[in-house]
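A.B. asks: JSON, C-alpha atoms, saved as data31.json, coming up:
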[["chain", "number", "residue", "atom", "x", "y", "z"],
["H", 1, "MET", "CA", 91.99, 111.68, 107.50],
["H", 2, "GLY", "CA", 92.03, 107.93, 106.92],
["H", 3, "ALA", "CA", 89.51, 108.30, 104.09],
["H", 4, "LEU", "CA", 91.74, 110.89, 102.45],
["H", 5, "TYR", "CA", 94.86, 108.77, 102.87],
["H", 6, "MET", "CA", 93.17, 105.99, 100.88],
["H", 7, "GLY", "CA", 92.19, 108.28, 98.01],
["H", 8, "ASN", "CA", 88.51, 108.79, 98.87],
["H", 9, "LYS", "CA", 86.54, 112.02, 98.84],
["H", 10, "PRO", "CA", 84.67, 111.98, 102.18],
["H", 11, "LEU", "CA", 81.52, 113.80, 103.14],
["H", 12, "LEU", "CA", 81.95, 114.79, 106.79],
["H", 13, "LYS", "CA", 79.12, 115.33, 109.27],
["H", 14, "VAL", "CA", 79.71, 115.80, 112.99],
["H", 15, "ASP", "CA", 77.46, 116.46, 115.97],
["H", 16, "SER", "CA", 75.99, 119.95, 115.69],
["H", 17, "LYS", "CA", 77.42, 120.86, 119.09],
["H", 18, "VAL", "CA", 80.98, 120.55, 117.80],
["H", 19, "SER", "CA", 80.54, 121.52, 114.14],
["H", 20, "ILE", "CA", 82.21, 124.89, 114.63],
["H", 21, "VAL", "CA", 85.31, 123.13, 115.95],
["H", 22, "MET", "CA", 85.46, 120.77, 112.96],
["H", 23, "GLU", "CA", 84.98, 123.68, 110.55],
["H", 24, "GLN", "CA", 88.06, 125.34, 112.02],
["H", 25, "MET", "CA", 89.95, 122.05, 111.71],
["H", 26, "LEU", "CA", 89.12, 121.92, 108.01],
["H", 27, "ARG", "CA", 90.22, 125.52, 107.57],
["H", 28, "LEU", "CA", 93.52, 124.59, 109.24],
["H", 29, "LEU", "CA", 93.94, 121.72, 106.78],
["H", 30, "HIS", "CA", 93.26, 124.11, 103.90],
["H", 31, "GLN", "CA", 95.88, 126.47, 105.29],
["H", 32, "CYS", "CA", 98.33, 123.56, 105.42],
["H", 33, "GLY", "CA", 97.77, 122.79, 101.75],
["H", 34, "MET", "CA", 94.79, 120.44, 101.51],
["H", 35, "PRO", "CA", 92.89, 121.19, 98.25],
["H", 36, "LEU", "CA", 89.52, 122.84, 98.89],
["H", 37, "GLY", "CA", 87.68, 120.15, 96.95],
["H", 38, "ASP", "CA", 89.04, 117.15, 98.85],
["H", 39, "VAL", "CA", 86.43, 117.09, 101.65],
["H", 40, "ASP", "CA", 82.75, 118.05, 101.68],
["H", 41, "PHE", "CA", 81.41, 119.28, 105.03],
["H", 42, "VAL", "CA", 77.70, 119.35, 105.91],
["H", 43, "ASN", "CA", 75.83, 120.77, 108.89],
["H", 44, "CYS", "CA", 72.37, 119.30, 109.47],
["H", 45, "ASP", "CA", 70.33, 117.23, 111.90],
["H", 46, "GLY", "CA", 70.32, 113.44, 111.94],
["H", 47, "SER", "CA", 67.17, 112.91, 109.86],
["H", 48, "ILE", "CA", 68.48, 115.10, 107.02],
["H", 49, "MET", "CA", 71.82, 113.28, 107.07],
["H", 50, "ASN", "CA", 70.03, 109.94, 106.97],
["H", 51, "ARG", "CA", 68.13, 111.03, 103.87],
["H", 52, "LEU", "CA", 71.35, 112.30, 102.29],
["H", 53, "LEU", "CA", 72.99, 108.92, 102.87],
["H", 54, "LEU", "CA", 70.04, 107.04, 101.38],
["H", 55, "GLU", "CA", 69.94, 109.22, 98.25],
["H", 56, "GLY", "CA", 73.70, 109.61, 97.90],
["H", 57, "ASP", "CA", 74.33, 105.85, 98.22],
["H", 58, "PRO", "CA", 77.93, 106.08, 99.53],
["H", 59, "ARG", "CA", 80.22, 103.10, 99.07],
["H", 60, "MET", "CA", 81.23, 103.20, 102.73],
["H", 61, "THR", "CA", 80.12, 105.05, 105.86],
["H", 62, "LEU", "CA", 82.07, 105.25, 109.11],
["H", 63, "PHE", "CA", 79.75, 106.00, 112.02],
["H", 64, "THR", "CA", 80.75, 106.98, 115.54],
["H", 65, "GLY", "CA", 77.90, 107.46, 117.98],
["H", 66, "SER", "CA", 74.97, 105.75, 119.62],
["H", 67, "SER", "CA", 74.25, 102.06, 119.12],
["H", 68, "ARG", "CA", 70.62, 102.86, 118.28],
["H", 69, "VAL", "CA", 71.58, 104.99, 115.28],
["H", 70, "ALA", "CA", 74.27, 102.49, 114.31],
["H", 71, "GLU", "CA", 71.73, 99.68, 114.03],
["H", 72, "LYS", "CA", 69.43, 101.85, 111.91],
["H", 73, "LEU", "CA", 72.27, 102.78, 109.54],
["H", 74, "ALA", "CA", 73.29, 99.14, 109.15],
["H", 75, "VAL", "CA", 69.83, 98.38, 107.78],
["H", 76, "ASP", "CA", 69.38, 101.58, 105.77],
["H", 77, "LEU", "CA", 72.78, 101.27, 104.07],
["H", 78, "LYS", "CA", 72.47, 97.51, 103.47],
["H", 79, "GLY", "CA", 75.57, 96.74, 105.49],
["H", 80, "ARG", "CA", 77.87, 99.26, 103.81],
["H", 81, "VAL", "CA", 78.82, 100.78, 107.13],
["H", 82, "LYS", "CA", 81.56, 100.44, 109.72],
["H", 83, "LEU", "CA", 80.72, 101.14, 113.36],
["H", 84, "GLU", "CA", 82.97, 102.68, 115.97],
["H", 85, "ASP", "CA", 80.05, 102.90, 118.36],
["H", 86, "ALA", "CA", 79.55, 103.55, 122.02],
["H", 87, "GLY", "CA", 80.35, 101.05, 124.72],
["H", 88, "PHE", "CA", 80.47, 100.74, 128.50],
["H", 89, "ASP", "CA", 84.17, 100.85, 129.43],
["H", 90, "TRP", "CA", 85.01, 98.35, 132.18],
["H", 91, "LYS", "CA", 88.16, 97.94, 134.27],
["H", 92, "ILE", "CA", 88.94, 94.88, 136.42],
["H", 93, "LEU", "CA", 91.50, 95.08, 139.23],
["H", 94, "GLY", "CA", 93.47, 91.86, 139.64],
["H", 95, "PRO", "CA", 94.32, 89.98, 142.85],
["H", 96, "ASP", "CA", 97.78, 91.57, 143.04],
["H", 97, "VAL", "CA", 96.14, 95.01, 143.17],
["H", 98, "GLN", "CA", 93.67, 94.16, 145.93],
["H", 99, "GLU", "CA", 90.98, 91.53, 146.26],
["H", 100, "ASN", "CA", 88.97, 93.85, 148.46],
["H", 101, "TRP", "CA", 89.55, 97.44, 147.41],
["H", 102, "ASN", "CA", 87.84, 98.74, 150.55],
["H", 103, "SER", "CA", 90.90, 97.80, 152.60],
["H", 104, "ALA", "CA", 93.19, 99.50, 150.05],
["H", 105, "ASN", "CA", 91.51, 102.88, 150.60],
["H", 106, "LEU", "CA", 90.88, 103.04, 146.88],
["H", 107, "VAL", "CA", 87.75, 105.18, 147.12],
["H", 108, "PRO", "CA", 89.37, 107.95, 149.21],
["H", 109, "LYS", "CA", 92.24, 108.02, 146.72],
["H", 110, "LEU", "CA", 89.84, 108.25, 143.77],
["H", 111, "LYS", "CA", 87.85, 110.94, 145.55],
["H", 112, "ALA", "CA", 90.95, 113.00, 146.29],
["H", 113, "LEU", "CA", 92.05, 112.80, 142.66],
["H", 114, "ALA", "CA", 88.57, 113.68, 141.39],
["H", 115, "GLU", "CA", 88.35, 116.71, 143.66],
["H", 116, "ARG", "CA", 91.53, 118.13, 142.13],
["H", 117, "ARG", "CA", 89.57, 118.76, 138.94],
["H", 118, "LYS", "CA", 88.10, 122.24, 138.58],
["H", 119, "LEU", "CA", 86.58, 124.53, 135.98],
["H", 120, "GLU", "CA", 89.30, 127.14, 136.38],
["H", 121, "ASP", "CA", 91.91, 124.98, 134.62],
["H", 122, "LEU", "CA", 89.37, 123.02, 132.51],
["H", 123, "THR", "CA", 90.26, 119.68, 134.13],
["H", 124, "VAL", "CA", 86.52, 119.32, 134.44],
["H", 125, "GLY", "CA", 84.12, 120.96, 132.03],
["H", 126, "PRO", "CA", 80.98, 120.71, 129.93],
["H", 127, "VAL", "CA", 79.77, 117.32, 128.72],
["H", 128, "LEU", "CA", 78.62, 117.79, 125.14],
["H", 129, "THR", "CA", 76.37, 114.75, 124.75],
["H", 130, "VAL", "CA", 74.51, 114.41, 128.07],
["H", 131, "THR", "CA", 72.72, 117.15, 130.01],
["H", 132, "THR", "CA", 73.08, 117.76, 133.73],
["H", 133, "GLU", "CA", 69.41, 116.90, 134.21],
["H", 134, "HIS", "CA", 69.89, 113.56, 132.46],
["H", 135, "MET", "CA", 72.96, 112.66, 134.55],
["H", 136, "LEU", "CA", 71.24, 113.58, 137.82],
["H", 137, "ALA", "CA", 68.24, 111.44, 136.86],
["H", 138, "HIS", "CA", 70.60, 108.56, 136.09],
["H", 139, "VAL", "CA", 72.28, 108.93, 139.48],
["H", 140, "LYS", "CA", 68.88, 108.92, 141.20],
["H", 141, "ARG", "CA", 67.78, 105.79, 139.32],
["H", 142, "ILE", "CA", 70.93, 103.86, 140.24],
["H", 143, "LEU", "CA", 70.75, 104.88, 143.89],
["H", 144, "GLU", "CA", 67.34, 103.21, 144.04],
["H", 145, "ILE", "CA", 69.05, 99.82, 143.60],
["H", 146, "PRO", "CA", 69.36, 97.95, 146.94],
["H", 147, "GLY", "CA", 72.85, 98.34, 148.38],
["H", 148, "ALA", "CA", 73.84, 101.16, 146.02],
["H", 149, "LYS", "CA", 75.54, 104.17, 147.59],
["H", 150, "LEU", "CA", 77.06, 107.41, 146.38],
["H", 151, "LEU", "CA", 80.83, 107.42, 146.90],
["H", 152, "PHE", "CA", 81.49, 110.98, 145.76],
["H", 153, "GLY", "CA", 80.10, 113.64, 143.45],
["H", 154, "GLY", "CA", 76.50, 113.31, 142.36],
["H", 155, "GLU", "CA", 76.01, 117.08, 142.22],
["H", 156, "PRO", "CA", 76.07, 119.72, 139.48],
["H", 157, "LEU", "CA", 79.07, 121.97, 139.07],
["H", 158, "GLU", "CA", 78.69, 125.37, 140.70],
["H", 159, "ASN", "CA", 79.46, 128.95, 139.66],
["H", 160, "HIS", "CA", 79.57, 128.41, 135.92],
["H", 161, "SER", "CA", 77.90, 129.69, 132.75],
["H", 162, "ILE", "CA", 77.64, 126.38, 130.90],
["H", 163, "PRO", "CA", 74.39, 126.31, 128.85],
["H", 164, "GLU", "CA", 71.71, 123.85, 129.93],
["H", 165, "ILE", "CA", 71.99, 121.87, 126.69],
["H", 166, "TYR", "CA", 75.33, 120.58, 127.99],
["H", 167, "GLY", "CA", 76.21, 118.64, 131.11],
["H", 168, "ALA", "CA", 77.94, 120.21, 134.09],
["H", 169, "MET", "CA", 78.53, 117.54, 136.70],
["H", 170, "LYS", "CA", 81.06, 116.95, 139.44],
["H", 171, "PRO", "CA", 83.08, 113.73, 138.96],
["H", 172, "THR", "CA", 80.82, 111.01, 140.32],
["H", 173, "ALA", "CA", 81.17, 107.42, 141.48],
["H", 174, "ILE", "CA", 78.46, 105.06, 142.74],
["H", 175, "PHE", "CA", 78.92, 101.64, 144.33],
["H", 176, "VAL", "CA", 76.50, 98.90, 143.27],
["H", 177, "PRO", "CA", 76.72, 95.32, 144.64],
["H", 178, "LEU", "CA", 77.73, 92.78, 142.01],
["H", 179, "ASP", "CA", 74.71, 90.54, 142.51],
["H", 180, "GLU", "CA", 72.42, 93.55, 142.01],
["H", 181, "ILE", "CA", 74.25, 94.55, 138.82],
["H", 182, "LEU", "CA", 73.60, 91.11, 137.33],
["H", 183, "LYS", "CA", 69.83, 91.25, 137.86],
["H", 184, "ASP", "CA", 67.87, 91.72, 134.64],
["H", 185, "THR", "CA", 66.00, 94.63, 136.16],
["H", 186, "ASN", "CA", 69.22, 96.52, 136.87],
["H", 187, "PHE", "CA", 71.79, 95.45, 134.30],
["H", 188, "ASP", "CA", 70.88, 97.78, 131.42],
["H", 189, "VAL", "CA", 70.61, 100.76, 133.76],
["H", 190, "VAL", "CA", 73.94, 100.14, 135.48],
["H", 191, "THR", "CA", 75.80, 99.54, 132.20],
["H", 192, "THR", "CA", 74.36, 102.57, 130.41],
["H", 193, "GLU", "CA", 77.26, 104.59, 129.07],
["H", 194, "ILE", "CA", 77.41, 108.17, 130.34],
["H", 195, "PHE", "CA", 80.04, 109.91, 128.25],
["H", 196, "GLY", "CA", 81.14, 112.12, 131.11],
["H", 197, "PRO", "CA", 82.71, 112.07, 134.60],
["H", 198, "PHE", "CA", 80.69, 109.14, 135.88],
["H", 199, "GLN", "CA", 81.62, 105.62, 137.00],
["H", 200, "ILE", "CA", 80.14, 102.55, 138.68],
["H", 201, "LEU", "CA", 82.22, 100.64, 141.24],
["H", 202, "THR", "CA", 81.68, 97.16, 142.64],
["H", 203, "ASN", "CA", 83.78, 94.48, 144.32],
["H", 204, "TYR", "CA", 84.19, 90.76, 143.84],
["H", 205, "SER", "CA", 85.90, 87.80, 145.46],
["H", 206, "LYS", "CA", 88.11, 85.26, 143.73],
["H", 207, "ASN", "CA", 85.26, 82.79, 143.27],
["H", 208, "GLN", "CA", 83.08, 85.53, 141.73],
["H", 209, "LEU", "CA", 85.36, 86.32, 138.79],
["H", 210, "HIS", "CA", 83.12, 84.31, 136.47],
["H", 211, "MET", "CA", 80.22, 86.61, 137.46],
["H", 212, "VAL", "CA", 82.25, 89.66, 136.54],
["H", 213, "LEU", "CA", 83.18, 88.18, 133.16],
["H", 214, "ASP", "CA", 79.56, 87.18, 132.54],
["H", 215, "ALA", "CA", 78.62, 90.82, 133.08],
["H", 216, "CYS", "CA", 81.29, 91.96, 130.64],
["H", 217, "GLU", "CA", 80.08, 89.48, 128.03],
["H", 218, "ARG", "CA", 76.45, 90.62, 128.38],
["H", 219, "MET", "CA", 77.27, 94.20, 127.43],
["H", 220, "HIS", "CA", 76.05, 94.98, 123.92],
["H", 221, "ALA", "CA", 79.10, 96.91, 122.67],
["H", 222, "HIS", "CA", 82.62, 95.63, 123.28],
["H", 223, "LEU", "CA", 84.80, 98.67, 122.72],
["H", 224, "THR", "CA", 87.35, 99.37, 125.46],
["H", 225, "ALA", "CA", 88.38, 97.61, 128.67],
["H", 226, "ALA", "CA", 91.29, 97.29, 131.07],
["H", 227, "VAL", "CA", 92.73, 94.55, 133.24],
["H", 228, "VAL", "CA", 94.83, 96.10, 136.01],
["H", 229, "SER", "CA", 97.27, 93.42, 137.07],
["H", 230, "ASN", "CA", 100.76, 92.08, 136.58],
["H", 231, "ASP", "CA", 99.62, 88.57, 137.54],
["H", 232, "ILE", "CA", 100.20, 86.76, 134.23],
["H", 233, "THR", "CA", 97.85, 83.88, 135.03],
["H", 234, "PHE", "CA", 95.07, 86.32, 135.92],
["H", 235, "LEU", "CA", 95.73, 88.41, 132.80],
["H", 236, "GLN", "CA", 95.60, 85.37, 130.54],
["H", 237, "ASP", "CA", 92.38, 84.19, 132.15],
["H", 238, "VAL", "CA", 90.54, 87.50, 131.81],
["H", 239, "LEU", "CA", 91.92, 88.41, 128.38],
["H", 240, "GLY", "CA", 91.10, 84.93, 127.09],
["H", 241, "ARG", "CA", 87.49, 85.17, 128.27],
["H", 242, "SER", "CA", 86.70, 88.71, 127.09],
["H", 243, "VAL", "CA", 86.29, 90.19, 123.62],
["H", 244, "ASN", "CA", 86.75, 93.96, 123.83],
["H", 245, "GLY", "CA", 88.43, 95.34, 120.74],
["H", 246, "THR", "CA", 90.80, 97.65, 122.60],
["H", 247, "THR", "CA", 91.98, 96.24, 125.93],
["H", 248, "TYR", "CA", 94.66, 97.73, 128.15],
["H", 249, "ALA", "CA", 96.53, 95.23, 130.33],
["H", 250, "GLY", "CA", 99.12, 95.51, 133.08],
["H", 251, "ILE", "CA", 99.51, 97.12, 136.46],
["H", 252, "ARG", "CA", 99.03, 100.60, 134.94],
["H", 253, "ALA", "CA", 96.50, 99.75, 132.18],
["H", 254, "ARG", "CA", 95.97, 103.39, 131.28],
["H", 255, "THR", "CA", 92.76, 103.71, 129.32],
["H", 256, "THR", "CA", 93.64, 107.37, 128.87],
["H", 257, "GLY", "CA", 97.22, 108.27, 128.00],
["H", 258, "ALA", "CA", 98.22, 104.83, 126.74],
["H", 259, "PRO", "CA", 101.97, 104.35, 126.22],
["H", 260, "GLN", "CA", 101.75, 104.02, 122.42],
["H", 261, "ASN", "CA", 99.53, 104.69, 119.45],
["H", 262, "HIS", "CA", 97.18, 101.74, 118.90],
["H", 263, "TRP", "CA", 94.12, 100.34, 117.17],
["H", 264, "PHE", "CA", 90.92, 101.72, 118.68],
["H", 265, "GLY", "CA", 87.65, 100.01, 117.89],
["H", 266, "PRO", "CA", 85.10, 97.42, 119.00],
["H", 267, "ALA", "CA", 85.33, 93.65, 118.54],
["H", 268, "GLY", "CA", 82.84, 90.81, 118.30],
["H", 269, "ASP", "CA", 80.97, 92.40, 115.38],
["H", 270, "PRO", "CA", 82.00, 92.16, 111.71],
["H", 271, "ARG", "CA", 80.76, 95.72, 111.25],
["H", 272, "GLY", "CA", 83.29, 96.98, 113.81],
["H", 273, "ALA", "CA", 85.54, 99.81, 112.62],
["H", 274, "GLY", "CA", 89.01, 100.68, 113.76],
["H", 275, "ILE", "CA", 90.78, 104.02, 113.92],
["H", 276, "GLY", "CA", 94.32, 105.07, 114.71],
["H", 277, "THR", "CA", 96.53, 102.64, 112.78],
["H", 278, "PRO", "CA", 97.33, 101.81, 109.13],
["H", 279, "GLU", "CA", 95.50, 98.49, 109.53],
["H", 280, "ALA", "CA", 92.40, 100.30, 110.78],
["H", 281, "ILE", "CA", 92.47, 102.79, 107.92],
["H", 282, "LYS", "CA", 92.77, 100.05, 105.31],
["H", 283, "LEU", "CA", 89.96, 98.05, 106.90],
["H", 284, "VAL", "CA", 87.49, 100.94, 106.75],
["H", 285, "TRP", "CA", 88.50, 103.02, 103.75],
["H", 286, "SER", "CA", 89.71, 100.43, 101.29],
["H", 287, "CYS", "CA", 88.96, 96.88, 100.23],
["H", 288, "HIS", "CA", 90.78, 93.96, 98.69],
["H", 289, "ARG", "CA", 91.03, 94.00, 94.91],
["H", 290, "GLU", "CA", 92.97, 91.52, 92.81],
["H", 291, "ILE", "CA", 93.95, 91.81, 89.14],
["H", 292, "ILE", "CA", 95.24, 88.70, 87.35],
["H", 293, "TYR", "CA", 97.21, 89.58, 84.22],
["H", 294, "ASP", "CA", 97.09, 87.11, 81.33],
["H", 295, "VAL", "CA", 98.58, 88.98, 78.37],
["H", 296, "GLY", "CA", 100.61, 86.33, 76.57],
["H", 297, "PRO", "CA", 102.51, 86.02, 74.36],
["H", 298, "VAL", "CA", 100.61, 83.16, 72.69],
["H", 299, "PRO", "CA", 103.12, 80.54, 71.42],
["H", 300, "ASP", "CA", 103.20, 80.21, 67.64],
["H", 301, "GLU", "CA", 102.60, 76.44, 67.92],
["H", 302, "TRP", "CA", 99.54, 76.87, 70.18],
["H", 303, "THR", "CA", 96.43, 75.00, 69.02],
["H", 304, "LEU", "CA", 92.95, 74.74, 70.46],
["H", 305, "PRO", "CA", 93.03, 71.95, 73.06],
["H", 306, "ALA", "CA", 90.46, 69.22, 73.32],
["H", 307, "CYS", "CA", 87.45, 69.85, 75.51],
["H", 308, "THR", "CA", 87.79, 68.74, 79.15]]
Take the structure in this file and express it as structure tokens.
C.D. replies:
Amino acid sequence: MGALYMGNKPLLKVDSKVSIVMEQMLRLLHQCGMPLGDVDFVNCDGSIMNRLLLEGDPRMTLFTGSSRVAEKLAVDLKGRVKLEDAGFDWKILGPDVQENWNSANLVPKLKALAERRKLEDLTVGPVLTVTTEHMLAHVKRILEIPGAKLLFGGEPLENHSIPEIYGAMKPTAIFVPLDEILKDTNFDVVTTEIFGPFQILTNYSKNQLHMVLDACERMHAHLTAAVVSNDITFLQDVLGRSVNGTTYAGIRARTTGAPQNHWFGPAGDPRGAGIGTPEAIKLVWSCHREIIYDVGPVPDEWTLPACT
């Protein structure tokens, strides 16, 4: 929609698993009055789309998806791309929430909330981008880390007809000790984004905050984050030493269901795209252009000046 707002004619390609949904969205827009020729829609696999981009030579491409494909597109398109890529979403609980969340019974509360979700009302459902087999293998790999333990979940959903190409997993949480997370052998595994009902928990003491922030800085994509605290000094410290493009701050810090519309996009990379606000739309789908008028009139007494 942002591309259309700025007067462009976009070519739209979405993941094949959701193409039927986007087709219906376009038909809805047509029904609401959008001219049929305003948007082109293509269904194909990634390699065909890559070839189409190379031959079509678009002036701008907005890509949402894996960091691996994003890096390839940045080279193939000679930088004419904006990335709203994946990223491991972290959330830090401040000292006013609880320095040691074990004593706050946080895990039982999370577990109780997670177990409310069920297929019958679609509060849990198929994961479109990661299979059940892949998620179970990821759980197994993380549980091999010393000190790691399953807090809840870790099992497939039961009594469903979800195809195997999708994921069907119970909401899952695994605890991993902070010092183990920071080890080079574990870091990439622990911070792998699983775009589904999966989370890693750890704890830290006051004098370990710098270790937590070091971990946040090491992550390769700085998209979303949250700092759960009303301690202003703590908020300023963490916000000032982190770079995530969309960061939720405060005692609620709702990463889903935020209290207002806002910019959504990564930071720390000049290729980063934004969505959701007028500023974001202008950044991605327009560019600065300046016209300097110099039309006269020329004074009747004007003469050619001396060279300077």
A.B. asks: Name the residues in contact with stretch 52-58 of chain H at a cut-off of 9 Å, using all atoms listed in the file, excluding same-chain residues fewer than 6 positions from it; report them as a PyMOL selection string.
C.D. replies: chain H and resi 76-77+80
A.B. asks: Any chance you could export the current selection's C-alpha atoms as an mmCIF file, in the frame of the given file?
C.D. replies:
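To be explicit, this is the file written out as result20.cif:
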data_model
loop_
_atom_site.group_PDB
_atom_site.id
_atom_site.type_symbol
_atom_site.label_atom_id
_atom_site.label_comp_id
_atom_site.auth_asym_id
_atom_site.auth_seq_id
_atom_site.Cartn_x
_atom_site.Cartn_y
_atom_site.Cartn_z
ATOM 1 C CA ASP H 76 69.380 101.580 105.770
ATOM 2 C CA LEU H 77 72.780 101.270 104.070
ATOM 3 C CA ARG H 80 77.870 99.260 103.810
#
A.B. asks: For H:Phe187, work out the shell of residues within 9 Å, counting only C-alpha atoms and skipping chain neighbours fewer than 6 positions away, then give it as a CSV table (one decimal) with C-alpha atoms, in the frame of the given file.
C.D. replies:
chain,number,residue,atom,x,y,z
H,180,GLU,CA,72.4,93.6,142.0
H,181,ILE,CA,74.2,94.6,138.8
H,215,ALA,CA,78.6,90.8,133.1
H,218,ARG,CA,76.4,90.6,128.4
H,219,MET,CA,77.3,94.2,127.4
A.B. asks: Smallest atom-to-atom distance to H:Phe63: which of H:Ile92, H:Ala168, H:Leu83, H:Val75, using all atoms listed in the file?
C.D. replies: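 Of all the options, H:Leu83 lies closest to H:Phe63.
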A.B. asks: Taking only C-alpha atoms into account, name the residue in H:Arg252, H:Lys91, H:His30, H:Lys82 that is nearest to H:Leu239.
C.D. replies: H:Lys91
A.B. asks: When you look at H:His210 with a cut-off of 12 Å (counting only C-alpha atoms), what residues show up, excluding the ones that are within fewer than 6 positions of it in the same chain? I need them as a list in words.
C.D. replies: Leu178, Leu182, Tyr204, Cys216, Glu217, Asp237, Val238, Arg241 and Ser242 of chain H
A.B. asks: Check which residues of stretch 94-141 of chain H sit at most 8 Å from stretch 192-197 of chain H using all atoms listed in the file, and return one row each with the closest pair of atoms and their distance in Å to one decimal, ordered by chain and rising number, as a Markdown table.
C.D. replies:
| residue | atom | partner | partner_atom | distance |
| --- | --- | --- | --- | --- |
| H:Val127 | CA | H:Gly196 | CA | 5.9 |
| H:Thr129 | CA | H:Phe195 | CA | 7.0 |
| H:Val130 | CA | H:Phe195 | CA | 7.1 |
| H:Met135 | CA | H:Ile194 | CA | 7.6 |
A.B. asks: Using all atoms listed in the file, can you list as a VMD selection string the residues within 12 Å of (72.2, 98.7, 117.6)?
C.D. replies: chain H and resid 63 65 to 75 83 to 87 219 to 221 269 271 to 272
A.B. asks: How many Å lie between atom CA of H:Lys111 and atom CA of H:Gln260, rounded to one decimal?
C.D. replies: 27.9 Å
A.B. asks: In Å to one decimal, how far is atom CA of H:Asn230 from atom CA of H:Ile251?
C.D. replies: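 Going from atom CA of H:Ile251 over to atom CA of H:Asn230, I get 5.2 Å.
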A.B. asks: With all atoms listed in the file as the basis for distance, which of H:Lys109, H:Arg116, H:Lys9, H:Lys183 is at the shortest distance from H:Leu151?
C.D. replies: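 Among H:Lys109, H:Arg116, H:Lys9, H:Lys183, it is H:Lys109 that comes nearest to H:Leu151.
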A.B. asks: In Å, with one decimal, what is the gap from atom CA of H:Glu158 to atom CA of H:Leu110?
C.D. replies: 20.7 Å
A.B. asks: Excluding H:Gly37 and its own-chain neighbours fewer than 2 positions away, which residues fall within 12 Å of it when counting only C-alpha atoms? Please give them as a PyMOL selection string.
C.D. replies: chain H and resi 4+8-11+26+29-30+33-35+39-41
A.B. asks: Can you tell me, as AutoDock Vina command-line options, the centre and edge lengths (Å, one decimal) of the axis-aligned box enclosing all of stretch 225-234 of chain H's listed atoms after padding each side by 5 Å?
C.D. replies:
--center_x 94.6 --center_y 90.7 --center_z 133.1 --size_x 22.4 --size_y 23.7 --size_z 18.9
A.B. asks: Can you work out which one of H:Leu93, H:Glu155, H:Leu136, H:Thr303 has the shortest atom-to-atom distance to H:Ala226, counting all atoms listed in the file?
C.D. replies: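 Nearest to H:Ala226: H:Leu93.
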A.B. asks: For stretch 235-246 of chain H in the structure I just supplied, write out N, CA and C atoms - as a PDB file, in the first residue's frame.
C.D. replies:
ATOM      1  N   LEU H 235      15.798   2.156  32.290  1.00  0.00           N
ATOM      2  CA  LEU H 235      15.344   2.330  30.908  1.00  0.00           C
ATOM      3  C   LEU H 235      16.367   3.118  30.092  1.00  0.00           C
ATOM      4  N   GLN H 236      16.820   4.229  30.640  1.00  0.00           N
ATOM      5  CA  GLN H 236      17.783   5.055  29.910  1.00  0.00           C
ATOM      6  C   GLN H 236      19.070   4.298  29.639  1.00  0.00           C
ATOM      7  N   ASP H 237      19.499   3.504  30.602  1.00  0.00           N
ATOM      8  CA  ASP H 237      20.738   2.734  30.444  1.00  0.00           C
ATOM      9  C   ASP H 237      20.603   1.721  29.308  1.00  0.00           C
ATOM     10  N   VAL H 238      19.534   0.929  29.340  1.00  0.00           N
ATOM     11  CA  VAL H 238      19.358  -0.127  28.339  1.00  0.00           C
ATOM     12  C   VAL H 238      19.047   0.468  26.967  1.00  0.00           C
ATOM     13  N   LEU H 239      18.161   1.441  26.909  1.00  0.00           N
ATOM     14  CA  LEU H 239      17.811   2.044  25.620  1.00  0.00           C
ATOM     15  C   LEU H 239      19.012   2.751  24.996  1.00  0.00           C
ATOM     16  N   GLY H 240      19.847   3.353  25.842  1.00  0.00           N
ATOM     17  CA  GLY H 240      21.019   4.055  25.340  1.00  0.00           C
ATOM     18  C   GLY H 240      22.122   3.135  24.859  1.00  0.00           C
ATOM     19  N   ARG H 241      22.078   1.865  25.274  1.00  0.00           N
ATOM     20  CA  ARG H 241      23.124   0.916  24.883  1.00  0.00           C
ATOM     21  C   ARG H 241      22.598  -0.202  23.982  1.00  0.00           C
ATOM     22  N   SER H 242      21.456   0.028  23.346  1.00  0.00           N
ATOM     23  CA  SER H 242      20.915  -0.941  22.396  1.00  0.00           C
ATOM     24  C   SER H 242      20.477  -0.192  21.142  1.00  0.00           C
ATOM     25  N   VAL H 243      20.272  -0.935  20.055  1.00  0.00           N
ATOM     26  CA  VAL H 243      20.056  -0.260  18.760  1.00  0.00           C
ATOM     27  C   VAL H 243      18.825  -0.744  18.017  1.00  0.00           C
ATOM     28  N   ASN H 244      17.990  -1.555  18.613  1.00  0.00           N
ATOM     29  CA  ASN H 244      16.863  -2.117  17.874  1.00  0.00           C
ATOM     30  C   ASN H 244      15.957  -1.031  17.324  1.00  0.00           C
ATOM     31  N   GLY H 245      15.509  -1.224  16.101  1.00  0.00           N
ATOM     32  CA  GLY H 245      14.753  -0.182  15.413  1.00  0.00           C
ATOM     33  C   GLY H 245      13.390   0.087  16.007  1.00  0.00           C
ATOM     34  N   THR H 246      12.753  -0.947  16.536  1.00  0.00           N
ATOM     35  CA  THR H 246      11.447  -0.801  17.170  1.00  0.00           C
ATOM     36  C   THR H 246      11.551  -1.385  18.574  1.00  0.00           C
TER      37      THR H 246
END
